[in-house]
$ cat input_14.cif   # mmCIF, C-alpha atoms and all ligand atoms
data_entry
loop_
_atom_site.label_atom_id
_atom_site.label_comp_id
_atom_site.auth_asym_id
_atom_site.auth_seq_id
_atom_site.Cartn_x
_atom_site.Cartn_y
_atom_site.Cartn_z
CA MET A 240 174.02 152.89 113.92
CA ILE A 241 177.79 152.78 113.82
CA PHE A 242 179.95 149.81 112.96
CA LYS A 243 179.28 147.51 115.83
CA THR A 244 182.81 146.47 116.64
CA GLY A 245 183.84 150.13 116.76
CA LYS A 246 186.91 149.36 114.68
CA THR A 247 188.66 151.83 112.43
CA VAL A 248 188.01 151.01 108.77
CA ARG A 249 190.96 151.17 106.38
CA ILE A 250 190.24 151.23 102.64
CA ILE A 251 192.85 149.60 100.39
CA ALA A 252 192.35 150.18 96.67
CA VAL A 253 193.66 147.58 94.23
CA PRO A 254 193.10 148.78 90.65
CA MET A 255 193.54 145.36 89.05
CA ASP A 256 192.19 144.23 85.70
CA LEU A 257 194.92 141.77 84.71
CA GLY A 258 192.81 138.84 85.89
CA ALA A 259 189.68 139.72 83.94
CA SER A 260 188.54 139.27 80.35
CA ARG A 261 186.79 142.64 80.01
CA ARG A 262 188.92 145.73 80.56
CA GLY A 263 187.99 148.35 83.12
CA THR A 264 187.82 146.83 86.61
CA ASP A 265 191.00 148.81 87.33
CA MET A 266 188.70 151.86 87.54
CA GLY A 267 186.47 150.23 90.16
CA PRO A 268 188.18 151.95 93.14
CA SER A 269 187.87 155.31 91.44
CA ALA A 270 184.15 154.77 90.77
CA LEU A 271 183.53 153.85 94.43
CA ARG A 272 185.48 156.86 95.68
CA ILE A 273 183.60 159.19 93.33
CA ALA A 274 180.34 157.63 94.54
CA GLY A 275 181.31 158.80 98.03
CA LEU A 276 182.48 155.64 99.78
CA GLY A 277 184.66 157.39 102.36
CA ALA A 278 182.03 160.01 103.18
CA ALA A 279 179.33 157.35 103.51
CA ILE A 280 181.45 155.41 106.01
CA ARG A 281 182.22 158.55 108.01
CA ALA A 282 178.54 159.54 107.95
CA MET A 283 177.77 156.30 109.80
CA GLY A 284 180.02 157.46 112.61
CA CYS A 285 182.84 155.07 111.71
CA LYS A 286 186.45 156.05 112.02
CA LEU A 287 188.20 155.90 108.66
CA ALA A 288 191.98 155.60 108.50
CA ARG A 289 194.01 157.14 105.68
CA GLU A 290 193.20 155.24 102.49
CA GLU A 291 195.88 153.25 100.71
CA ASP A 292 196.53 152.19 97.11
CA ILE A 293 198.41 149.16 95.91
CA ALA A 294 200.09 149.74 92.55
CA VAL A 295 199.16 147.47 89.64
CA ALA A 296 200.97 147.45 86.28
CA ALA A 297 198.88 148.41 83.25
CA MET A 298 198.17 145.55 80.87
CA GLU A 299 199.82 147.47 78.01
CA THR A 300 203.17 147.50 79.85
CA ARG A 301 203.32 143.72 80.22
CA SER A 302 203.09 140.68 77.97
CA VAL A 303 201.29 137.39 78.53
CA GLU A 304 203.85 134.67 79.24
CA ASP A 305 201.47 131.94 80.34
CA THR A 306 198.19 131.54 78.45
CA GLU A 307 196.84 129.11 81.06
CA ALA A 308 197.28 131.70 83.84
CA ARG A 309 197.39 135.11 82.19
CA PHE A 310 199.57 137.76 83.90
CA LYS A 311 200.45 135.37 86.72
CA PRO A 312 203.74 137.07 87.77
CA GLN A 313 202.06 140.47 88.10
CA ILE A 314 199.03 139.09 89.94
CA LEU A 315 201.26 137.09 92.27
CA ASN A 316 203.23 140.23 93.09
CA VAL A 317 200.15 142.36 93.82
CA CYS A 318 198.46 139.63 95.86
CA THR A 319 201.58 139.15 97.98
CA LYS A 320 201.78 142.89 98.78
CA LEU A 321 198.04 143.04 99.44
CA GLY A 322 198.16 139.96 101.67
CA GLU A 323 200.94 141.46 103.79
CA ARG A 324 199.00 144.72 104.22
CA VAL A 325 195.75 142.95 105.15
CA ARG A 326 197.58 140.76 107.69
CA ASP A 327 199.26 143.81 109.24
CA ILE A 328 196.06 145.91 109.28
CA LEU A 329 194.18 143.11 111.04
CA GLY A 330 197.11 142.78 113.44
CA ALA A 331 196.77 146.50 114.23
CA GLY A 332 193.12 145.96 115.15
CA GLU A 333 191.65 147.74 112.12
CA PHE A 334 189.06 146.55 109.59
CA PRO A 335 190.50 146.18 106.07
CA LEU A 336 188.02 147.12 103.32
CA VAL A 337 189.64 146.15 100.02
CA ILE A 338 188.16 147.70 96.87
CA GLY A 339 188.98 146.18 93.48
CA GLY A 340 189.75 145.37 90.98
CA ASP A 341 188.95 141.98 89.52
CA HIS A 342 188.42 138.96 91.74
CA SER A 343 192.02 137.69 91.42
CA ILE A 344 192.91 140.09 94.27
CA ALA A 345 191.00 137.86 96.71
CA MET A 346 194.03 135.56 96.69
CA GLY A 347 195.86 138.43 98.40
CA THR A 348 193.11 139.62 100.74
CA VAL A 349 192.09 136.18 101.97
CA SER A 350 195.71 135.04 102.30
CA GLY A 351 196.37 138.03 104.54
CA ALA A 352 193.31 137.40 106.69
CA ALA A 353 194.12 133.69 106.91
CA ALA A 354 197.72 134.47 107.90
CA HIS A 355 196.48 136.76 110.69
CA TYR A 356 194.36 134.01 112.26
CA ARG A 357 196.92 131.29 111.60
CA GLU A 358 199.50 133.20 113.67
CA ARG A 359 196.98 133.09 116.53
CA GLY A 360 196.16 129.40 116.12
CA GLU A 361 192.69 130.25 114.79
CA SER A 362 190.95 129.68 111.49
CA LEU A 363 189.18 132.02 109.08
CA GLY A 364 185.59 131.72 107.86
CA LEU A 365 184.76 132.91 104.36
CA ILE A 366 181.61 134.12 102.63
CA TRP A 367 182.12 134.16 98.87
CA PHE A 368 179.26 136.05 97.18
CA ASP A 369 179.41 135.47 93.42
CA ALA A 370 177.48 134.45 90.29
CA HIS A 371 180.40 132.15 89.50
CA GLY A 372 182.29 129.42 91.32
CA ASP A 373 185.77 130.92 90.84
CA MET A 374 187.03 127.35 91.23
CA ASN A 375 188.92 127.08 87.94
CA ILE A 376 192.61 126.19 87.77
CA PRO A 377 195.24 126.68 85.04
CA GLY A 378 194.85 124.08 82.31
CA VAL A 379 191.18 123.54 83.12
CA SER A 380 190.01 127.15 82.87
CA PRO A 381 188.62 127.80 79.38
CA SER A 382 189.99 131.37 79.34
CA GLY A 383 193.16 131.33 81.44
CA ASN A 384 191.84 134.43 83.24
CA ILE A 385 192.90 134.27 86.87
CA HIS A 386 189.78 136.06 88.18
CA GLY A 387 187.97 132.75 87.65
CA MET A 388 190.47 130.86 89.83
CA PRO A 389 190.93 132.53 93.23
CA LEU A 390 188.76 130.26 95.37
CA ALA A 391 190.41 127.10 94.03
CA HIS A 392 193.84 128.46 94.90
CA LEU A 393 192.78 129.60 98.37
CA LEU A 394 191.66 126.00 98.96
CA GLY A 395 195.14 124.82 97.97
CA ARG A 396 194.49 123.62 94.43
CA GLY A 397 195.91 124.63 91.05
CA ASP A 398 199.18 126.51 90.63
CA ALA A 399 201.58 126.03 93.55
CA GLU A 400 202.79 129.65 93.57
CA LEU A 401 199.29 131.15 93.49
CA ALA A 402 198.15 128.70 96.17
CA GLY A 403 201.26 129.41 98.27
CA ILE A 404 200.99 133.21 98.67
CA LEU A 405 202.47 134.25 102.07
CA GLY A 406 204.13 130.84 102.33
CA PHE A 407 201.37 128.44 103.32
CA ALA A 408 198.52 126.46 101.78
CA PRO A 409 195.66 125.82 101.96
CA LYS A 410 194.40 129.08 103.38
CA LEU A 411 190.97 127.77 104.33
CA ASP A 412 189.13 124.89 105.88
CA PRO A 413 186.47 124.07 103.23
CA GLU A 414 184.00 123.36 106.05
CA LYS A 415 184.19 127.08 106.93
CA VAL A 416 183.62 128.36 103.38
CA VAL A 417 180.23 129.37 101.96
CA LEU A 418 179.55 130.23 98.34
CA ILE A 419 176.36 132.26 97.83
CA GLY A 420 174.53 133.42 94.69
CA VAL A 421 176.09 131.08 92.15
CA ARG A 422 174.31 130.38 88.88
CA ASP A 423 177.05 129.98 86.24
CA ILE A 424 179.57 127.16 86.71
CA ASP A 425 182.00 125.85 84.08
CA SER A 426 181.86 122.09 83.47
CA GLY A 427 185.35 121.57 84.90
CA GLU A 428 184.39 123.48 88.03
CA LYS A 429 181.39 121.37 88.98
CA GLU A 430 183.44 118.40 90.04
CA MET A 431 185.93 120.65 91.84
CA ILE A 432 183.12 122.20 93.86
CA HIS A 433 181.53 118.85 94.69
CA LYS A 434 184.86 117.38 95.80
CA SER A 435 185.99 120.45 97.72
CA GLY A 436 183.65 120.12 100.68
CA ILE A 437 182.66 123.80 100.72
CA HIS A 438 179.06 124.85 101.39
CA VAL A 439 177.19 126.18 98.36
CA PHE A 440 173.92 128.10 98.24
CA THR A 441 172.99 128.50 94.58
CA MET A 442 170.20 130.79 93.36
CA ARG A 443 167.88 127.81 93.64
CA GLU A 444 168.40 127.59 97.41
CA ILE A 445 167.85 131.35 97.71
CA ASP A 446 164.62 131.04 95.68
CA GLU A 447 163.38 128.06 97.68
CA HIS A 448 164.27 129.12 101.20
CA GLY A 449 164.64 132.89 100.95
CA MET A 450 167.77 134.92 101.66
CA ALA A 451 167.01 135.22 105.38
CA LYS A 452 167.24 131.48 105.94
CA VAL A 453 170.26 131.08 103.67
CA ALA A 454 172.06 133.98 105.35
CA ARG A 455 171.34 132.65 108.86
CA ARG A 456 172.78 129.25 107.96
CA ALA A 457 175.79 130.87 106.27
CA MET A 458 176.51 132.95 109.39
CA GLU A 459 176.47 129.80 111.55
CA ILE A 460 178.95 128.09 109.25
CA VAL A 461 181.48 130.93 109.13
CA THR A 462 181.30 131.95 112.80
CA GLU A 463 181.31 128.63 114.64
CA GLY A 464 184.85 127.69 115.60
CA THR A 465 186.53 130.52 113.67
CA GLY A 466 188.41 133.59 114.85
CA GLY A 467 186.43 135.75 112.41
CA PHE A 468 185.27 135.72 108.82
CA HIS A 469 186.00 137.53 105.58
CA LEU A 470 183.39 138.59 103.04
CA SER A 471 184.46 138.48 99.41
CA PHE A 472 181.71 140.34 97.57
CA ASP A 473 181.70 140.00 93.79
CA VAL A 474 179.16 142.54 92.56
CA ASP A 475 178.11 140.13 89.79
CA GLY A 476 176.41 138.02 92.45
CA CYS A 477 173.72 140.69 92.31
CA ASP A 478 171.20 140.68 89.50
CA PRO A 479 172.30 142.71 86.44
CA SER A 480 169.28 144.98 86.99
CA VAL A 481 170.84 145.97 90.33
CA ILE A 482 174.48 146.13 89.22
CA PRO A 483 174.73 146.57 85.43
CA GLY A 484 178.36 147.72 85.69
CA SER A 485 180.24 144.42 85.70
CA GLY A 486 181.96 142.38 83.01
CA THR A 487 180.48 138.90 83.39
CA LEU A 488 176.77 139.52 83.97
CA VAL A 489 174.51 136.52 84.55
CA PRO A 490 170.72 137.01 84.69
CA GLY A 491 168.69 135.66 87.59
CA GLY A 492 170.81 137.02 90.42
CA VAL A 493 170.37 138.32 93.94
CA ARG A 494 168.02 141.31 94.24
CA PHE A 495 168.98 144.57 95.93
CA ARG A 496 167.14 143.98 99.21
CA GLU A 497 168.30 140.35 99.36
CA ALA A 498 171.91 141.53 99.08
CA HIS A 499 171.32 144.15 101.79
CA LEU A 500 169.80 141.51 104.05
CA LEU A 501 172.81 139.21 103.66
CA LEU A 502 175.13 142.09 104.50
CA GLU A 503 173.01 143.15 107.48
CA TYR A 504 173.32 139.60 108.79
CA CYS A 505 177.11 139.80 108.30
CA ALA A 506 177.22 142.99 110.38
CA ASP A 507 174.92 141.57 113.06
CA THR A 508 177.30 138.69 113.79
CA ARG A 509 180.04 141.19 114.87
CA HIS A 510 182.36 138.49 113.60
CA MET A 511 183.17 139.83 110.13
CA THR A 512 186.69 141.21 110.36
CA SER A 513 187.49 142.09 106.73
CA MET A 514 185.66 142.65 103.46
CA GLU A 515 186.40 143.18 99.79
CA VAL A 516 184.32 144.34 96.84
CA VAL A 517 185.37 143.26 93.37
CA GLU A 518 184.48 143.21 89.66
CA LEU A 519 182.88 146.64 89.47
CA ASN A 520 183.45 147.95 85.92
CA PRO A 521 182.47 151.61 85.50
CA PHE A 522 182.93 151.48 81.71
CA LEU A 523 179.99 149.07 81.50
CA ASP A 524 177.86 151.00 84.01
CA GLN A 525 174.88 153.26 83.49
CA GLY A 526 176.27 156.53 84.81
CA ASN A 527 177.79 155.49 88.15
CA VAL A 528 174.69 153.75 89.51
CA SER A 529 176.42 150.43 90.20
CA ALA A 530 179.10 152.12 92.29
CA GLU A 531 176.48 154.17 94.16
CA ARG A 532 174.48 151.04 94.98
CA THR A 533 177.67 149.23 95.98
CA VAL A 534 178.55 152.02 98.42
CA ASN A 535 175.07 151.58 99.87
CA LEU A 536 175.60 147.83 100.21
CA ILE A 537 178.98 148.34 101.90
CA THR A 538 177.39 150.54 104.57
CA SER A 539 174.97 147.71 105.40
CA ALA A 540 177.89 145.34 105.79
CA LEU A 541 179.55 147.81 108.17
CA GLY A 542 176.47 147.93 110.35
CA LYS A 543 174.17 150.61 108.98
CA SER A 544 170.58 149.79 109.77
CA ILE A 545 167.37 151.37 108.52
CA LEU A 546 166.23 152.45 111.98
MN MN B 1 184.17 136.24 91.26
#
$ encode --input "input_14.cif" --output "structure tokens"
Amino acid sequence: MIFKTGKTVRIIAVPMDLGASRRGTDMGPSALRIAGLGAAIRAMGCKLAREEDIAVAAMETRSVEDTEARFKPQILNVCTKLGERVRDILGAGEFPLVIGGDHSIAMGTVSGAAAHYRERGESLGLIWFDAHGDMNIPGVSPSGNIHGMPLAHLLGRGDAELAGILGFAPKLDPEKVVLIGVRDIDSGEKEMIHKSGIHVFTMREIDEHGMAKVARRAMEIVTEGTGGFHLSFDVDGCDPSVIPGSGTLVPGGVRFREAHLLLEYCADTRHMTSMEVVELNPFLDQGNVSAERTVNLITSALGKSIL
């Protein structure tokens, strides 16, 4: 089965680790490419455009100026460039597949997708698959690491510059945002999540109702009244036994088939118009198994089915 919209897929690699606490997510794109991402997409019968890279400064070449939002100027710069590319790629009718990189890059990807729909008078739905809430803001975040803050900024909170990438805020209607797989929330984040108005399916809901029911409800939320939706897939949403190669592992996560099922539902809607994969850290992996499984998961999201 080929990608159901028939769109050309364009991979954009963003080797970012400035937002993370553990080093090594900058090698995530390399691990996915070595695991055969491009070939796997072509093998499905999808058209794949020439891949692109967005340059990211190495941590060693920069100094931390702001301990409440570490490496903010560099992350702002990368996210702005990424957002412009995602907006333009969507405008050209292609499917942007962004490979990271730590989760701070979502401020770029989602800003670009939101800008695309905003120009058309439409709104963007968002599936945020993650063990964490990513709803921290500078001054509240215990670490100052920006990879724990992207969702808050996309909803218009926190630092005005990070929230204002591509010149508008907020990027999202919280009613069209779904957080799935969460099981580790900082105390300061809990109130932010409750007040935000986003939909949250924690591991408890997945345990109680099963992924099929959760995924069906999530698809309704992000497709009704939107122009399309973006999937931000943090590999740490999966259980560490599935994806050991990530820096902030939390036990009790989504199992391999549950993750596939969610992604198959995303493909079935024909409404997912962009996707990103973040927080893969090959230095913490066992061989390259996490990247290989992630490639497999990506093909499900692009419409590969078992039969
Ligand atoms: Mn995350």
$ atom_distance --input "input_14.cif" --atom1 "atom CA of A:Thr533" --atom2 "atom CA of A:Val474"
7.7 Å
$ closest_residue --input "input_14.cif" --among "A:Glu497, A:Glu444, A:Glu459, A:Glu515" --to "ligand MN 1 (chain B)" --atoms "all atoms listed in the file"
A:Glu515
$ residues_near_ligand --input "input_14.cif" --ligand "ligand MN 1 (chain B)" --cutoff "6 Å" --atoms "all atoms listed in the file" --output "list in words"
His342, Asp369, His371, Asp373 and Asp473 of chain A
$ write_last_selection --input "input_14.cif" --atoms "C-alpha atoms" --output "compact mmCIF listing (two decimals), in the frame of the given file"
# COMPACT_ATOMS: atom_id res chain seq x y z
CA HIS A 342 188.42 138.96 91.74
CA ASP A 369 179.41 135.47 93.42
CA HIS A 371 180.40 132.15 89.50
CA ASP A 373 185.77 130.92 90.84
CA ASP A 473 181.70 140.00 93.79
$ closest_residue --input "input_14.cif" --among "A:Met388, A:Leu546, A:Val253, A:Ala457" --to "A:Gly427" --atoms "only C-alpha atoms"
A:Met388
$ atom_distance --input "input_14.cif" --atom1 "atom CA of A:Leu501" --atom2 "atom CA of A:Glu518"
18.7 Å
$ closest_residue --input "input_14.cif" --among "A:Ala530, A:Thr300, A:Gly403, A:Ala451" --to "A:Ser485" --atoms "only C-alpha atoms"
A:Ala530
$ residues_around --input "input_14.cif" --residues "A:Thr512" --least-positions-apart "6" --cutoff "7 Å" --atoms "all atoms listed in the file" --output "MDAnalysis selection string"
chainID A and resid 334 467:469
$ residues_around --input "input_14.cif" --residues "stretch 305-307 of chain A" --least-positions-apart "3" --cutoff "8 Å" --atoms "all atoms listed in the file" --output "PyMOL selection string"
chain A and resi 310-311+377-378+380+382-384
$ residues_near_point --input "input_14.cif" --point "(181.5, 146.1, 80.6)" --cutoff "10 Å" --atoms "only C-alpha atoms" --output "compact mmCIF listing (two decimals) with C-alpha atoms, in the coordinates of the input"
# COMPACT_ATOMS: atom_id res chain seq x y z
CA SER A 260 188.54 139.27 80.35
CA ARG A 261 186.79 142.64 80.01
CA ARG A 262 188.92 145.73 80.56
CA GLY A 263 187.99 148.35 83.12
CA THR A 264 187.82 146.83 86.61
CA PRO A 483 174.73 146.57 85.43
CA GLY A 484 178.36 147.72 85.69
CA SER A 485 180.24 144.42 85.70
CA GLY A 486 181.96 142.38 83.01
CA THR A 487 180.48 138.90 83.39
CA LEU A 488 176.77 139.52 83.97
CA GLU A 518 184.48 143.21 89.66
CA LEU A 519 182.88 146.64 89.47
CA ASN A 520 183.45 147.95 85.92
CA PRO A 521 182.47 151.61 85.50
CA PHE A 522 182.93 151.48 81.71
CA LEU A 523 179.99 149.07 81.50
CA ASP A 524 177.86 151.00 84.01
$ closest_residue --input "input_14.cif" --among "A:Ala391, A:Val461, A:Met450, A:Val349" --to "A:Arg494" --atoms "all atoms listed in the file"
A:Met450
$ atom_distance --input "input_14.cif" --atom1 "atom CA of A:Leu271" --atom2 "atom CA of A:Pro254"
11.5 Å
$ closest_residue --input "input_14.cif" --among "A:Gly322, A:Gly526, A:Gly339, A:Gly476" --to "A:Gly351" --atoms "only C-alpha atoms"
A:Gly322
$ residues_around --input "input_14.cif" --residues "A:Gly449" --least-positions-apart "6" --cutoff "12 Å" --atoms "all atoms listed in the file" --output "compact mmCIF listing (two decimals) with C-alpha atoms, keeping the file's coordinate frame"
# COMPACT_ATOMS: atom_id res chain seq x y z
CA GLY A 420 174.53 133.42 94.69
CA PHE A 440 173.92 128.10 98.24
CA THR A 441 172.99 128.50 94.58
CA MET A 442 170.20 130.79 93.36
CA ARG A 443 167.88 127.81 93.64
CA ARG A 455 171.34 132.65 108.86
CA ARG A 456 172.78 129.25 107.96
CA VAL A 493 170.37 138.32 93.94
CA ARG A 494 168.02 141.31 94.24
CA ARG A 496 167.14 143.98 99.21
CA GLU A 497 168.30 140.35 99.36
CA ALA A 498 171.91 141.53 99.08
CA LEU A 500 169.80 141.51 104.05
CA LEU A 501 172.81 139.21 103.66
$ decode --input "input_14.cif" --residues "stretch 396-418 of chain A" --atoms "N, CA and C atoms" --output "tab-separated table (two decimals), in the first residue's frame"
chain	number	residue	atom	x	y	z
A	396	ARG	N	2.39	30.40	25.17
A	396	ARG	CA	2.87	30.74	26.51
A	396	ARG	C	4.39	30.90	26.53
A	397	GLY	N	4.92	31.31	27.69
A	397	GLY	CA	6.36	31.34	27.89
A	397	GLY	C	7.04	32.53	27.26
A	398	ASP	N	8.20	32.28	26.64
A	398	ASP	CA	9.03	33.33	26.06
A	398	ASP	C	8.38	33.88	24.78
A	399	ALA	N	8.31	35.20	24.68
A	399	ALA	CA	7.59	35.82	23.56
A	399	ALA	C	8.26	35.53	22.22
A	400	GLU	N	9.59	35.47	22.20
A	400	GLU	CA	10.28	35.20	20.92
A	400	GLU	C	10.08	33.75	20.47
A	401	LEU	N	10.18	32.81	21.41
A	401	LEU	CA	9.97	31.40	21.05
A	401	LEU	C	8.51	31.15	20.65
A	402	ALA	N	7.60	31.84	21.32
A	402	ALA	CA	6.17	31.68	20.98
A	402	ALA	C	5.83	32.38	19.67
A	403	GLY	N	6.66	33.36	19.28
A	403	GLY	CA	6.32	34.20	18.13
A	403	GLY	C	7.04	33.85	16.84
A	404	ILE	N	7.61	32.65	16.75
A	404	ILE	CA	8.30	32.21	15.52
A	404	ILE	C	7.36	32.35	14.32
A	405	LEU	N	7.89	32.89	13.22
A	405	LEU	CA	7.15	33.20	11.99
A	405	LEU	C	6.09	34.31	12.20
A	406	GLY	N	6.21	35.03	13.33
A	406	GLY	CA	5.47	36.28	13.46
A	406	GLY	C	4.03	36.19	13.93
A	407	PHE	N	3.62	35.06	14.49
A	407	PHE	CA	2.27	35.02	15.06
A	407	PHE	C	2.22	34.02	16.22
A	408	ALA	N	1.25	34.24	17.10
A	408	ALA	CA	1.04	33.35	18.25
A	408	ALA	C	-0.40	33.52	18.72
A	409	PRO	N	-1.03	32.52	19.27
A	409	PRO	CA	-0.54	31.14	19.35
A	409	PRO	C	-0.63	30.44	17.99
A	410	LYS	N	0.04	29.32	17.89
A	410	LYS	CA	0.04	28.57	16.64
A	410	LYS	C	-1.14	27.61	16.55
A	411	LEU	N	-1.73	27.31	17.71
A	411	LEU	CA	-2.70	26.21	17.78
A	411	LEU	C	-3.92	26.59	18.57
A	412	ASP	N	-5.04	25.98	18.19
A	412	ASP	CA	-6.24	26.02	19.01
A	412	ASP	C	-6.15	24.81	19.96
A	413	PRO	N	-6.09	25.05	21.28
A	413	PRO	CA	-5.90	23.92	22.20
A	413	PRO	C	-6.95	22.83	22.04
A	414	GLU	N	-8.14	23.20	21.57
A	414	GLU	CA	-9.21	22.21	21.34
A	414	GLU	C	-8.85	21.21	20.25
A	415	LYS	N	-7.83	21.55	19.43
A	415	LYS	CA	-7.43	20.69	18.31
A	415	LYS	C	-6.09	20.00	18.57
A	416	VAL	N	-5.68	19.98	19.84
A	416	VAL	CA	-4.39	19.40	20.23
A	416	VAL	C	-4.62	18.18	21.12
A	417	VAL	N	-3.94	17.09	20.81
A	417	VAL	CA	-4.04	15.86	21.60
A	417	VAL	C	-2.66	15.40	22.02
A	418	LEU	N	-2.50	15.20	23.31
A	418	LEU	CA	-1.26	14.67	23.87
A	418	LEU	C	-1.50	13.20	24.21
